[in-house]
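J.: The structure's right below; bear with me while I get my questions together.
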Amino acid sequence: MTSSPHGRSAALLVAMLMMAVALARSAPASLERLSQADLSNPDSYYNLVVLLDRTPEHGHRFVARDNAPHGSWVHWTEPYTWTLWQLHRPLRAAGLAEEPALRYAGGALSLLGMLALALFTALAVSSVGTRRTAMISGLALAACIPLHAYGNMLQITHHIFMLVPLAAAAACLLRRSQQPRPGLDLLGGGLLALGWWISPEAMPFIVGLVYLRIAARLQGAAPALWWLAPGLLGVTLLAWLLDPPPPTFPAWTLDRMSLAWLLLAGLLAAMPLVAEACLRRGLALGRSFAVMIAVSLGALLAWVLAVPEVRTGPAGLIPAELRTLWWNQIVELQAAHRPHQWMAYLGLPLAGALAAGYRAWRERSLWIGALAFMSLAYGLLGVWHLRMGAAAGLAGALAYGIGLAGLRGFGNVDEALPRRSQLRIFLLTLFPALQLAATAALASLWPPPPQERYCSLASVAPALQQIPQATFLAPVFSGSELLYRTHHRIITGPYHHNVEGLLDNYRAWLYTGTEQPPDIFTRRGIGYVLGCTHYQNELRGNQGRRTLMERVADGDTPGWLQAQPWPAGTETEWRLYRVQPPATSTPVVP
């Protein structure tokens with residue numbers, strides 16, 4: 001049931017075209033917002049700031065205007081930022097200024113990432129499936145809402161960029177042929193390492209793909225694994241040498257290439273070698289499987305014991321006070337809690353798990369069974385932690401396409417099938433579109449509650465630019481945009497390595513005194529307070545004591561804040577105040 005190169009190329013093209021059509025639907029509105037720098041989230045602004053504020057001394061790993069007056073080391077890794085920089089260079093050569101060139105390059109990179117994702121996913125599915133299921137996987141990605149939440153021009157972030165090398169690695173490592181291809185295995189291992197170099201969020205996917213290939217090898221469905229290990233370990237070592245943690249980060253940090261990932265790469269790279277050793281000794285499949293489980297659990301235990309942050313969990317750096325005020329307010333860190341979210345985030349991974357699981361049962365395929373488990377596990381991760389939804393969509397598309405390839409009617413050759421079978425094929429083919437329609441229906445029947453209103457700085461940025469550079473107290477989630485649109489300094493944006501800045505910012509807004517500013521103002525050199533009439537509920541006072549945030553929003557501020565008027569005709573919900581220095585005695589001039 002092999003496909004011709006011509007037919008396969010056509011299937012890949014169709015998969016990309018479906019993704020292009022899906023992207024084109026929102027392109028006009030997104031392009032208009034992109035032209036106005038109306039981006040989706042603080043991270044998008046900050047990814048531009050790190051390049052706009054780069055210096056020869058620190059490159060783009062340090063932002064001097066953040067965490068005033070100290071500056072802030074940032075956690076984004078090199079591949080995404082370097083690619084964004086290279087992509088903006090032709091736009092600069094065409095005459096665009098640096099800021100819009102970076103902005104448009106960031107928007108284009110998200111779209112190119114989505115098209116590449118469709119291509120590599122369809123290529124992986126066609127390698128172990130059929131050209132028909134390759135096209136269905138393309139439809140699944142095109143209809144995947146969590147994927148499009150990150151894959152649009154207003155998201156200048158690494159989330160889609162991270163998935164591209166993972167899909168490309170799947171195309172290298174998941175193949176039907178028993179013919180040894182050392183170059184593909186070496187490339188596949190290197191692409192896996194590139195995935196977690198871009199973002200450690202890729203780790204579950206990388207581990208899953210490695211074990212898929214091990215399962216296929218143990219069952220005799222794949223050639224030798226020797227070259228996967230040096231690809232994975234070699235690129236991870238290169239990443240650690242080229243892009244080590246900044247000076248203020250722990251050597252074992254989990255959100256940057258560090259000793260933690262170098263150790264994990266070594267342990268994970270050893271697993272294919274253990275599998276090869278089992279085969280060389282002629283162990284039965286069951287015994288080989290038991291050996292792999294025992295060795296893998298030992299490796300996991302060694303990594304957990306060696307890396308302190310693993311034992312503290314994803315919010316290990318965040319004090320309890322900050323979790324309540326900030327961490328719990330970040331939408332992508334929350335769990336699905338409404339019907340349409342469950343359908344959007346779990347539907348495709350669950351369908352992929354069922355399709356791949358059925359094929360694995362029929363063919364007694366260990367690796368396809370592992371793929372089914374991976375798809376289901378990622379679906380559960382996606383509903384528990386919405387940030388994982390895009391990767392869950394990729395896992396679901398791979399599992400769904402590969403699973404359907406084992407059913408009659410999804411081969412490369414037309415078959416005469418009864419009407420009932422034809423209806424089943426029709427429904428399974430259109431499942432991704434049906435899931436999208438069901439998600440929209442659920443969202444209309446149980447609409448989400450209105451979100452807190454967001455105050456954009458676009459209308460007041462020109463006026464703020466007229467003020468000499470100063471340090472501003474601004475809402476946490478507006479800090480990135482203030483850095484991007486103006487030349488001013490801030491105490492913090494929403495970045496977890498600046499724990500002290502985050503705490504100082506929130507404590508300043510929660511201050512209930514009126515006689516004089518808190519000492520935070522002096523320590524941080526705050527010259528202006530910028531607040532909006534809409535703000536977090538967590539910043540309200542209690543027992544009748546009004547916080548500084550409430551006073552600024554109401555325009556009823558202490559005497560040490562002097563209101564600054566906006567230029568005539570400015571329509572905004574922002575309020576600006578200048579911090580008055582403490583009164584001092586003035587000498588009499590004779």
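Letters for chains follow the order of the structure tokens (A, B, ...), residue numbers begin at 1 for each chain, and ligand numbers begin at 1 in the order shown.
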Find the spatial neighbours of range 355-363 of chain A, counting only C-alpha atoms, within a cut-off of 8 Å - ignore same-chain residues fewer than 4 positions away - and output them as a PyMOL selection string.

T.: chain A and resi 351+367-369+371-373+399-400+402-404+406-407

J.: Pick out the residues sitting within 8 Å of range 502-516 of chain A, and hand them over as a PDB file with N, CA and C atoms, in the first residue's frame; count only C-alpha atoms, and ignore anything fewer than 3 positions along from it in its own chain.

T.:
ATOM      1  N   LEU A 322       2.805  35.425  45.441  1.00  0.00           N
ATOM      2  CA  LEU A 322       2.850  35.769  44.029  1.00  0.00           C
ATOM      3  C   LEU A 322       1.984  34.838  43.186  1.00  0.00           C
ATOM      4  N   LEU A 325      -1.463  36.433  43.383  1.00  0.00           N
ATOM      5  CA  LEU A 325      -1.578  37.738  42.734  1.00  0.00           C
ATOM      6  C   LEU A 325      -1.304  37.692  41.235  1.00  0.00           C
ATOM      7  N   LEU A 473       5.714  53.003  37.608  1.00  0.00           N
ATOM      8  CA  LEU A 473       4.939  51.937  38.230  1.00  0.00           C
ATOM      9  C   LEU A 473       3.731  51.721  37.337  1.00  0.00           C
ATOM     10  N   ALA A 474       3.649  50.555  36.717  1.00  0.00           N
ATOM     11  CA  ALA A 474       2.561  50.240  35.792  1.00  0.00           C
ATOM     12  C   ALA A 474       2.007  48.866  36.145  1.00  0.00           C
ATOM     13  N   PRO A 475       0.788  48.542  35.740  1.00  0.00           N
ATOM     14  CA  PRO A 475       0.267  47.190  35.973  1.00  0.00           C
ATOM     15  C   PRO A 475       1.190  46.139  35.375  1.00  0.00           C
ATOM     16  N   VAL A 476       1.321  45.013  36.055  1.00  0.00           N
ATOM     17  CA  VAL A 476       2.272  43.981  35.654  1.00  0.00           C
ATOM     18  C   VAL A 476       2.074  43.567  34.199  1.00  0.00           C
ATOM     19  N   ILE A 491       9.343  48.456  36.714  1.00  0.00           N
ATOM     20  CA  ILE A 491       9.785  47.571  37.790  1.00  0.00           C
ATOM     21  C   ILE A 491       9.758  46.124  37.321  1.00  0.00           C
ATOM     22  N   THR A 492       8.704  45.777  36.575  1.00  0.00           N
ATOM     23  CA  THR A 492       8.601  44.395  36.122  1.00  0.00           C
ATOM     24  C   THR A 492       7.590  44.246  35.008  1.00  0.00           C
ATOM     25  N   GLY A 493       7.832  43.262  34.190  1.00  0.00           N
ATOM     26  CA  GLY A 493       6.815  42.688  33.333  1.00  0.00           C
ATOM     27  C   GLY A 493       6.500  41.315  33.901  1.00  0.00           C
ATOM     28  N   PRO A 494       5.614  40.555  33.270  1.00  0.00           N
ATOM     29  CA  PRO A 494       5.218  39.263  33.846  1.00  0.00           C
ATOM     30  C   PRO A 494       6.224  38.154  33.550  1.00  0.00           C
ATOM     31  N   HIS A 496       8.861  35.336  35.382  1.00  0.00           N
ATOM     32  CA  HIS A 496       8.975  34.710  36.687  1.00  0.00           C
ATOM     33  C   HIS A 496      10.367  34.785  37.300  1.00  0.00           C
ATOM     34  N   ASN A 498      12.044  37.441  37.623  1.00  0.00           N
ATOM     35  CA  ASN A 498      12.115  38.719  38.334  1.00  0.00           C
ATOM     36  C   ASN A 498      11.120  38.690  39.496  1.00  0.00           C
ATOM     37  N   VAL A 499      11.327  37.760  40.411  1.00  0.00           N
ATOM     38  CA  VAL A 499      10.386  37.575  41.511  1.00  0.00           C
ATOM     39  C   VAL A 499      10.311  38.824  42.380  1.00  0.00           C
ATOM     40  N   ILE A 520       9.254  51.350  48.561  1.00  0.00           N
ATOM     41  CA  ILE A 520       9.504  50.777  47.221  1.00  0.00           C
ATOM     42  C   ILE A 520       9.769  51.884  46.212  1.00  0.00           C
ATOM     43  N   PHE A 521       9.073  53.003  46.340  1.00  0.00           N
ATOM     44  CA  PHE A 521       9.227  54.104  45.399  1.00  0.00           C
ATOM     45  C   PHE A 521      10.650  54.651  45.427  1.00  0.00           C
ATOM     46  N   LEU A 539      -6.352  43.298  43.324  1.00  0.00           N
ATOM     47  CA  LEU A 539      -5.725  44.539  43.775  1.00  0.00           C
ATOM     48  C   LEU A 539      -6.696  45.457  44.504  1.00  0.00           C
ATOM     49  N   ARG A 540      -7.867  44.927  44.809  1.00  0.00           N
ATOM     50  CA  ARG A 540      -8.811  45.697  45.618  1.00  0.00           C
ATOM     51  C   ARG A 540      -8.451  45.548  47.101  1.00  0.00           C
ATOM     52  N   GLY A 541      -8.790  46.558  47.867  1.00  0.00           N
ATOM     53  CA  GLY A 541      -8.539  46.505  49.294  1.00  0.00           C
ATOM     54  C   GLY A 541      -9.625  45.746  50.036  1.00  0.00           C
ATOM     55  N   ARG A 545     -10.310  49.574  53.428  1.00  0.00           N
ATOM     56  CA  ARG A 545      -9.029  50.239  53.147  1.00  0.00           C
ATOM     57  C   ARG A 545      -8.790  50.177  51.635  1.00  0.00           C
ATOM     58  N   ARG A 546      -8.655  51.319  51.011  1.00  0.00           N
ATOM     59  CA  ARG A 546      -8.499  51.396  49.560  1.00  0.00           C
ATOM     60  C   ARG A 546      -7.022  51.328  49.193  1.00  0.00           C
ATOM     61  N   THR A 547      -6.733  50.559  48.180  1.00  0.00           N
ATOM     62  CA  THR A 547      -5.355  50.409  47.718  1.00  0.00           C
ATOM     63  C   THR A 547      -4.986  51.545  46.778  1.00  0.00           C
ATOM     64  N   LEU A 548      -3.688  51.660  46.525  1.00  0.00           N
ATOM     65  CA  LEU A 548      -3.219  52.672  45.580  1.00  0.00           C
ATOM     66  C   LEU A 548      -3.825  52.443  44.199  1.00  0.00           C
ATOM     67  N   MET A 549      -3.990  51.184  43.790  1.00  0.00           N
ATOM     68  CA  MET A 549      -4.591  50.909  42.497  1.00  0.00           C
ATOM     69  C   MET A 549      -6.021  51.442  42.428  1.00  0.00           C
ATOM     70  N   PRO A 558      -3.424  60.146  46.802  1.00  0.00           N
ATOM     71  CA  PRO A 558      -2.767  60.885  47.895  1.00  0.00           C
ATOM     72  C   PRO A 558      -2.092  62.149  47.377  1.00  0.00           C
ATOM     73  N   GLY A 559      -1.736  63.018  48.286  1.00  0.00           N
ATOM     74  CA  GLY A 559      -1.148  64.297  47.902  1.00  0.00           C
ATOM     75  C   GLY A 559       0.212  64.181  47.254  1.00  0.00           C
ATOM     76  N   TRP A 560       0.910  63.067  47.459  1.00  0.00           N
ATOM     77  CA  TRP A 560       2.240  62.943  46.888  1.00  0.00           C
ATOM     78  C   TRP A 560       2.212  62.472  45.431  1.00  0.00           C
TER      79      TRP A 560
END

J.: Give me the residues near Gly188 in chain A as a list in words, where near means some atom within 6 Å (using only C-alpha atoms) and where sequence neighbours in that chain fewer than 4 positions away do not count.

T.: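 Here the answer would be Ala169, Cys172, Leu173 and Leu184 of chain A.
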
J.: Would you save the residues from that selection as an mmCIF file, in the first residue's frame, using all heavy atoms?

T.:
data_model
loop_
_atom_site.group_PDB
_atom_site.id
_atom_site.type_symbol
_atom_site.label_atom_id
_atom_site.label_comp_id
_atom_site.auth_asym_id
_atom_site.auth_seq_id
_atom_site.Cartn_x
_atom_site.Cartn_y
_atom_site.Cartn_z
ATOM 1 N N ALA A 169 11.199 16.001 13.196
ATOM 2 C CA ALA A 169 11.835 14.815 13.788
ATOM 3 C C ALA A 169 10.940 13.593 13.625
ATOM 4 O O ALA A 169 11.427 12.479 13.363
ATOM 5 C CB ALA A 169 12.128 15.069 15.257
ATOM 6 N N CYS A 172 11.378 12.192 10.308
ATOM 7 C CA CYS A 172 12.650 11.460 10.170
ATOM 8 C C CYS A 172 12.601 10.095 10.853
ATOM 9 O O CYS A 172 13.143 9.112 10.331
ATOM 10 C CB CYS A 172 13.798 12.285 10.773
ATOM 11 S SG CYS A 172 14.216 13.789 9.881
ATOM 12 N N LEU A 173 11.982 10.019 12.025
ATOM 13 C CA LEU A 173 12.103 8.834 12.871
ATOM 14 C C LEU A 173 10.985 7.819 12.659
ATOM 15 O O LEU A 173 11.190 6.622 12.889
ATOM 16 C CB LEU A 173 12.140 9.252 14.342
ATOM 17 C CG LEU A 173 13.294 10.183 14.741
ATOM 18 C CD1 LEU A 173 13.158 10.604 16.197
ATOM 19 C CD2 LEU A 173 14.640 9.511 14.510
ATOM 20 N N LEU A 184 19.118 10.055 8.550
ATOM 21 C CA LEU A 184 17.807 10.480 9.045
ATOM 22 C C LEU A 184 17.720 10.344 10.560
ATOM 23 O O LEU A 184 17.137 11.192 11.238
ATOM 24 C CB LEU A 184 16.702 9.655 8.387
ATOM 25 C CG LEU A 184 16.276 10.062 6.976
ATOM 26 C CD1 LEU A 184 15.146 9.168 6.472
ATOM 27 C CD2 LEU A 184 15.837 11.525 6.939
#

J.: Which residues come within 6 Å of range 44-50 of chain A, counting only C-alpha atoms, excluding same-chain residues fewer than 2 positions away, as a PyMOL selection string?

T.: chain A and resi 41-42+52-54+60+155-157+480-481+484

J.: Which one is closest to Leu279 in chain A: A:Gly220, A:Pro462, A:Pro339, A:Pro247? Count only C-alpha atoms.

T.: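 Using only C-alpha atoms, Leu279 in chain A sits closest to A:Gly220.
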